[in-house]
>>> print(open('upload06.pdb').read())   # PDB, C-alpha atoms, pLDDT in the B column
ATOM      1  CA  MET A   1     -10.001  11.673 -14.642  1.00 50.00           C
ATOM      2  CA  SER A   2      -8.666  12.909 -11.325  1.00 56.00           C
ATOM      3  CA  LYS A   3      -5.718  11.325  -9.582  1.00 63.00           C
ATOM      4  CA  ARG A   4      -6.684   9.430  -6.457  1.00 73.00           C
ATOM      5  CA  ASN A   5      -4.583   9.022  -3.320  1.00 82.00           C
ATOM      6  CA  PHE A   6      -4.258   5.668  -1.596  1.00 86.00           C
ATOM      7  CA  GLU A   7      -3.018   4.873   1.890  1.00 89.00           C
ATOM      8  CA  ILE A   8      -1.231   1.895   3.378  1.00 91.00           C
ATOM      9  CA  THR A   9      -0.753   1.666   7.126  1.00 92.00           C
ATOM     10  CA  ALA A  10       1.610  -0.856   8.672  1.00 93.00           C
ATOM     11  CA  VAL A  11       0.195  -2.011  12.016  1.00 93.00           C
ATOM     12  CA  TRP A  12       2.199  -4.065  14.510  1.00 93.00           C
ATOM     13  CA  ASP A  13       0.536  -7.266  15.768  1.00 95.00           C
ATOM     14  CA  GLU A  14       2.216  -7.988  19.090  1.00 95.00           C
ATOM     15  CA  ASP A  15       0.812 -11.536  19.330  1.00 97.00           C
ATOM     16  CA  ALA A  16       1.908 -12.619  15.844  1.00 97.00           C
ATOM     17  CA  LYS A  17       5.064 -10.441  15.888  1.00 96.00           C
ATOM     18  CA  VAL A  18       4.408  -9.123  12.379  1.00 96.00           C
ATOM     19  CA  TRP A  19       3.505  -5.874  10.659  1.00 95.00           C
ATOM     20  CA  TYR A  20       0.264  -6.159   8.671  1.00 94.00           C
ATOM     21  CA  ALA A  21      -1.406  -3.805   6.208  1.00 93.00           C
ATOM     22  CA  GLU A  22      -4.520  -1.731   6.608  1.00 93.00           C
ATOM     23  CA  SER A  23      -5.210  -0.173   3.218  1.00 92.00           C
ATOM     24  CA  ASP A  24      -7.833   1.164   0.874  1.00 91.00           C
ATOM     25  CA  ILE A  25      -6.106  -0.634  -2.014  1.00 92.00           C
ATOM     26  CA  VAL A  26      -8.358  -3.545  -2.941  1.00 93.00           C
ATOM     27  CA  GLY A  27      -6.494  -6.858  -2.749  1.00 94.00           C
ATOM     28  CA  LEU A  28      -3.435  -5.612  -0.853  1.00 95.00           C
ATOM     29  CA  HIS A  29      -2.620  -7.979   2.011  1.00 95.00           C
ATOM     30  CA  VAL A  30       0.849  -7.665   3.500  1.00 94.00           C
ATOM     31  CA  GLU A  31       2.424  -9.297   6.556  1.00 96.00           C
ATOM     32  CA  ALA A  32       6.120  -8.986   7.360  1.00 96.00           C
ATOM     33  CA  GLU A  33       8.439  -9.336  10.337  1.00 97.00           C
ATOM     34  CA  THR A  34      10.232  -6.032   9.652  1.00 96.00           C
ATOM     35  CA  LEU A  35       9.187  -2.639   8.332  1.00 94.00           C
ATOM     36  CA  ASP A  36      11.824  -2.859   5.603  1.00 94.00           C
ATOM     37  CA  GLU A  37      10.343  -6.136   4.374  1.00 95.00           C
ATOM     38  CA  PHE A  38       6.808  -4.711   4.705  1.00 95.00           C
ATOM     39  CA  GLU A  39       7.716  -1.652   2.633  1.00 92.00           C
ATOM     40  CA  LYS A  40       9.421  -3.747  -0.059  1.00 93.00           C
ATOM     41  CA  VAL A  41       6.382  -6.021  -0.495  1.00 93.00           C
ATOM     42  CA  ALA A  42       3.907  -3.125  -0.370  1.00 92.00           C
ATOM     43  CA  ARG A  43       5.835  -1.187  -3.032  1.00 88.00           C
ATOM     44  CA  GLU A  44       6.102  -4.285  -5.219  1.00 89.00           C
ATOM     45  CA  PHE A  45       2.375  -5.008  -5.334  1.00 90.00           C
ATOM     46  CA  ALA A  46       0.549  -1.733  -4.591  1.00 89.00           C
ATOM     47  CA  SER A  47       0.938  -0.095  -8.007  1.00 82.00           C
ATOM     48  CA  GLU A  48      -0.193  -3.186  -9.881  1.00 85.00           C
ATOM     49  CA  LEU A  49      -3.221  -3.648  -7.612  1.00 89.00           C
ATOM     50  CA  ILE A  50      -4.180   0.020  -7.930  1.00 84.00           C
ATOM     51  CA  VAL A  51      -4.288  -0.239 -11.711  1.00 79.00           C
ATOM     52  CA  GLU A  52      -6.047  -3.629 -11.725  1.00 83.00           C
ATOM     53  CA  ASN A  53      -8.676  -2.870  -9.081  1.00 82.00           C
ATOM     54  CA  HIS A  54      -9.308   0.862  -9.060  1.00 76.00           C
ATOM     55  CA  TYR A  55      -9.360   2.033 -12.692  1.00 71.00           C
ATOM     56  CA  ALA A  56     -11.666   1.138 -15.556  1.00 67.00           C
ATOM     57  CA  GLY A  57     -10.167  -0.049 -18.823  1.00 68.00           C
ATOM     58  CA  GLU A  58     -11.058   3.220 -20.546  1.00 65.00           C
ATOM     59  CA  ASP A  59      -9.198   5.210 -17.853  1.00 64.00           C
ATOM     60  CA  ILE A  60      -6.081   3.133 -18.474  1.00 65.00           C
ATOM     61  CA  SER A  61      -6.264   3.422 -22.247  1.00 70.00           C
ATOM     62  CA  LYS A  62      -6.528   7.230 -22.090  1.00 73.00           C
ATOM     63  CA  SER A  63      -3.805   7.856 -19.504  1.00 68.00           C
ATOM     64  CA  SER A  64      -0.144   7.084 -18.926  1.00 67.00           C
ATOM     65  CA  LEU A  65       0.691   4.719 -16.063  1.00 60.00           C
ATOM     66  CA  ALA A  66       2.683   7.511 -14.418  1.00 64.00           C
ATOM     67  CA  SER A  67      -0.462   9.632 -14.212  1.00 64.00           C
ATOM     68  CA  LEU A  68      -2.536   6.748 -12.832  1.00 60.00           C
ATOM     69  CA  ILE A  69      -0.205   5.506 -10.112  1.00 59.00           C
ATOM     70  CA  PRO A  70       0.419   7.740  -7.121  1.00 57.00           C
ATOM     71  CA  ALA A  71       3.781   7.922  -5.410  1.00 54.00           C
ATOM     72  CA  ILE A  72       4.167   5.458  -2.561  1.00 52.00           C
ATOM     73  CA  TYR A  73       6.163   6.723   0.375  1.00 51.00           C
ATOM     74  CA  LEU A  74       6.906   5.783   3.967  1.00 47.00           C
ATOM     75  CA  LYS A  75       5.719   8.250   6.574  1.00 48.00           C
ATOM     76  CA  THR A  76       6.583   7.679  10.211  1.00 43.00           C
ATOM     77  CA  GLY A  77       3.544   7.358  12.452  1.00 48.00           C
ATOM     78  CA  GLY A  78       3.161   6.325  16.103  1.00 53.00           C
ATOM     79  CA  ASN A  79       5.010   3.520  17.853  1.00 56.00           C
ATOM     80  CA  ASP A  80       2.764   0.795  16.503  1.00 60.00           C
ATOM     81  CA  LYS A  81       1.725   2.246  13.130  1.00 58.00           C
ATOM     82  CA  GLN A  82       3.617   3.351  10.045  1.00 55.00           C
ATOM     83  CA  HIS A  83       1.982   4.892   6.979  1.00 53.00           C
ATOM     84  CA  CYS A  84       3.207   4.032   3.483  1.00 52.00           C
TER      85      CYS A  84
END
>>> encode(input="upload06.pdb", output="structure tokens")
Amino acid sequence: MSKRNFEITAVWDEDAKVWYAESDIVGLHVEAETLDEFEKVAREFASELIVENHYAGEDISKSSLASLIPAIYLKTGGNDKQHC
């Protein structure tokens, strides 16, 4: 089984005054008033959702969680987008 990379992008909604998530992680929906809060929530739930929604039971039983879950990091993007 090959390791897969996932992306989370924090996008600023000027009308709602919140950061919201655009992501290829099934089930991840994040809204937060600050990037720090956004990152905390994304880190808390992303790994669990990756395992639950992107790997078959046999993949999980044959691999360690460390090998299944990619690192999640914050990468600075443009003024209105941040990548996690």
>>> residues_near_point(input="upload06.pdb", point="(0.5, -5.0, -4.0)", cutoff="12 Å", atoms="all atoms listed in the file", output="ChimeraX atom specification")
/A:6,8,21,23-31,38-53,72
>>> closest_residue(input="upload06.pdb", among="A:Thr34, A:Ser61, A:Ala16, A:His54", to="A:Arg4", atoms="all atoms listed in the file")
A:His54
>>> atom_distance(input="upload06.pdb", atom1="atom CA of A:Thr9", atom2="atom CA of A:Glu22")
5.1 Å
>>> build_atoms(input="upload06.pdb", residues="stretch 6-17 of chain A", atoms="all heavy atoms", output="mmCIF file, in the frame of the given file")
data_model
loop_
_atom_site.group_PDB
_atom_site.id
_atom_site.type_symbol
_atom_site.label_atom_id
_atom_site.label_comp_id
_atom_site.auth_asym_id
_atom_site.auth_seq_id
_atom_site.Cartn_x
_atom_site.Cartn_y
_atom_site.Cartn_z
ATOM 1 N N PHE A 6 -4.020 6.904 -2.323
ATOM 2 C CA PHE A 6 -4.258 5.668 -1.596
ATOM 3 C C PHE A 6 -3.365 5.656 -0.364
ATOM 4 O O PHE A 6 -2.315 6.283 -0.346
ATOM 5 C CB PHE A 6 -3.934 4.451 -2.477
ATOM 6 C CG PHE A 6 -4.847 4.323 -3.659
ATOM 7 C CD1 PHE A 6 -4.527 4.926 -4.860
ATOM 8 C CD2 PHE A 6 -6.031 3.620 -3.553
ATOM 9 C CE1 PHE A 6 -5.371 4.828 -5.955
ATOM 10 C CE2 PHE A 6 -6.878 3.515 -4.640
ATOM 11 C CZ PHE A 6 -6.553 4.123 -5.849
ATOM 12 N N GLU A 7 -3.787 4.923 0.644
ATOM 13 C CA GLU A 7 -3.018 4.873 1.890
ATOM 14 C C GLU A 7 -2.787 3.433 2.307
ATOM 15 O O GLU A 7 -3.671 2.581 2.184
ATOM 16 C CB GLU A 7 -3.785 5.605 2.984
ATOM 17 C CG GLU A 7 -3.022 5.700 4.280
ATOM 18 C CD GLU A 7 -3.719 6.580 5.286
ATOM 19 O OE1 GLU A 7 -4.168 7.666 4.926
ATOM 20 O OE2 GLU A 7 -3.829 6.147 6.448
ATOM 21 N N ILE A 8 -1.581 3.190 2.794
ATOM 22 C CA ILE A 8 -1.231 1.895 3.378
ATOM 23 C C ILE A 8 -0.688 2.180 4.766
ATOM 24 O O ILE A 8 0.214 2.994 4.927
ATOM 25 C CB ILE A 8 -0.135 1.175 2.569
ATOM 26 C CG1 ILE A 8 -0.538 1.011 1.108
ATOM 27 C CG2 ILE A 8 0.175 -0.190 3.200
ATOM 28 C CD1 ILE A 8 0.611 0.573 0.216
ATOM 29 N N THR A 9 -1.241 1.520 5.760
ATOM 30 C CA THR A 9 -0.753 1.666 7.126
ATOM 31 C C THR A 9 -0.219 0.328 7.596
ATOM 32 O O THR A 9 -0.896 -0.691 7.478
ATOM 33 C CB THR A 9 -1.885 2.121 8.075
ATOM 34 O OG1 THR A 9 -2.444 3.333 7.580
ATOM 35 C CG2 THR A 9 -1.373 2.331 9.480
ATOM 36 N N ALA A 10 1.011 0.344 8.090
ATOM 37 C CA ALA A 10 1.610 -0.856 8.672
ATOM 38 C C ALA A 10 1.279 -0.854 10.162
ATOM 39 O O ALA A 10 1.596 0.088 10.865
ATOM 40 C CB ALA A 10 3.118 -0.848 8.465
ATOM 41 N N VAL A 11 0.619 -1.900 10.616
ATOM 42 C CA VAL A 11 0.195 -2.011 12.016
ATOM 43 C C VAL A 11 0.904 -3.205 12.644
ATOM 44 O O VAL A 11 0.928 -4.299 12.072
ATOM 45 C CB VAL A 11 -1.339 -2.208 12.109
ATOM 46 C CG1 VAL A 11 -1.786 -2.302 13.556
ATOM 47 C CG2 VAL A 11 -2.066 -1.086 11.386
ATOM 48 N N TRP A 12 1.474 -3.003 13.812
ATOM 49 C CA TRP A 12 2.199 -4.065 14.510
ATOM 50 C C TRP A 12 1.220 -4.957 15.264
ATOM 51 O O TRP A 12 0.387 -4.492 16.038
ATOM 52 C CB TRP A 12 3.209 -3.471 15.482
ATOM 53 C CG TRP A 12 3.973 -4.496 16.243
ATOM 54 C CD1 TRP A 12 3.889 -4.758 17.581
ATOM 55 C CD2 TRP A 12 4.954 -5.408 15.724
ATOM 56 N NE1 TRP A 12 4.753 -5.772 17.921
ATOM 57 C CE2 TRP A 12 5.418 -6.198 16.800
ATOM 58 C CE3 TRP A 12 5.470 -5.638 14.457
ATOM 59 C CZ2 TRP A 12 6.380 -7.191 16.645
ATOM 60 C CZ3 TRP A 12 6.428 -6.627 14.297
ATOM 61 C CH2 TRP A 12 6.873 -7.382 15.389
ATOM 62 N N ASP A 13 1.319 -6.270 15.036
ATOM 63 C CA ASP A 13 0.536 -7.266 15.768
ATOM 64 C C ASP A 13 1.476 -7.902 16.785
ATOM 65 O O ASP A 13 2.334 -8.711 16.424
ATOM 66 C CB ASP A 13 -0.004 -8.317 14.807
ATOM 67 C CG ASP A 13 -0.880 -9.358 15.496
ATOM 68 O OD1 ASP A 13 -0.637 -9.683 16.684
ATOM 69 O OD2 ASP A 13 -1.798 -9.871 14.835
ATOM 70 N N GLU A 14 1.322 -7.526 18.024
ATOM 71 C CA GLU A 14 2.216 -7.988 19.090
ATOM 72 C C GLU A 14 2.143 -9.498 19.271
ATOM 73 O O GLU A 14 3.162 -10.148 19.504
ATOM 74 C CB GLU A 14 1.866 -7.280 20.405
ATOM 75 C CG GLU A 14 2.780 -7.624 21.552
ATOM 76 C CD GLU A 14 4.232 -7.203 21.321
ATOM 77 O OE1 GLU A 14 4.487 -6.164 20.700
ATOM 78 O OE2 GLU A 14 5.129 -7.959 21.769
ATOM 79 N N ASP A 15 0.960 -10.084 19.148
ATOM 80 C CA ASP A 15 0.812 -11.536 19.330
ATOM 81 C C ASP A 15 1.516 -12.326 18.224
ATOM 82 O O ASP A 15 2.222 -13.297 18.490
ATOM 83 C CB ASP A 15 -0.665 -11.937 19.383
ATOM 84 C CG ASP A 15 -1.366 -11.384 20.620
ATOM 85 O OD1 ASP A 15 -0.689 -11.176 21.653
ATOM 86 O OD2 ASP A 15 -2.584 -11.144 20.545
ATOM 87 N N ALA A 16 1.315 -11.908 16.976
ATOM 88 C CA ALA A 16 1.908 -12.619 15.844
ATOM 89 C C ALA A 16 3.334 -12.153 15.545
ATOM 90 O O ALA A 16 4.041 -12.801 14.777
ATOM 91 C CB ALA A 16 1.043 -12.433 14.598
ATOM 92 N N LYS A 17 3.726 -11.017 16.120
ATOM 93 C CA LYS A 17 5.064 -10.441 15.888
ATOM 94 C C LYS A 17 5.308 -10.126 14.413
ATOM 95 O O LYS A 17 6.365 -10.397 13.857
ATOM 96 C CB LYS A 17 6.179 -11.358 16.411
ATOM 97 C CG LYS A 17 6.036 -11.723 17.872
ATOM 98 C CD LYS A 17 6.294 -10.532 18.756
ATOM 99 C CE LYS A 17 6.341 -10.982 20.213
ATOM 100 N NZ LYS A 17 5.762 -10.037 21.122
#
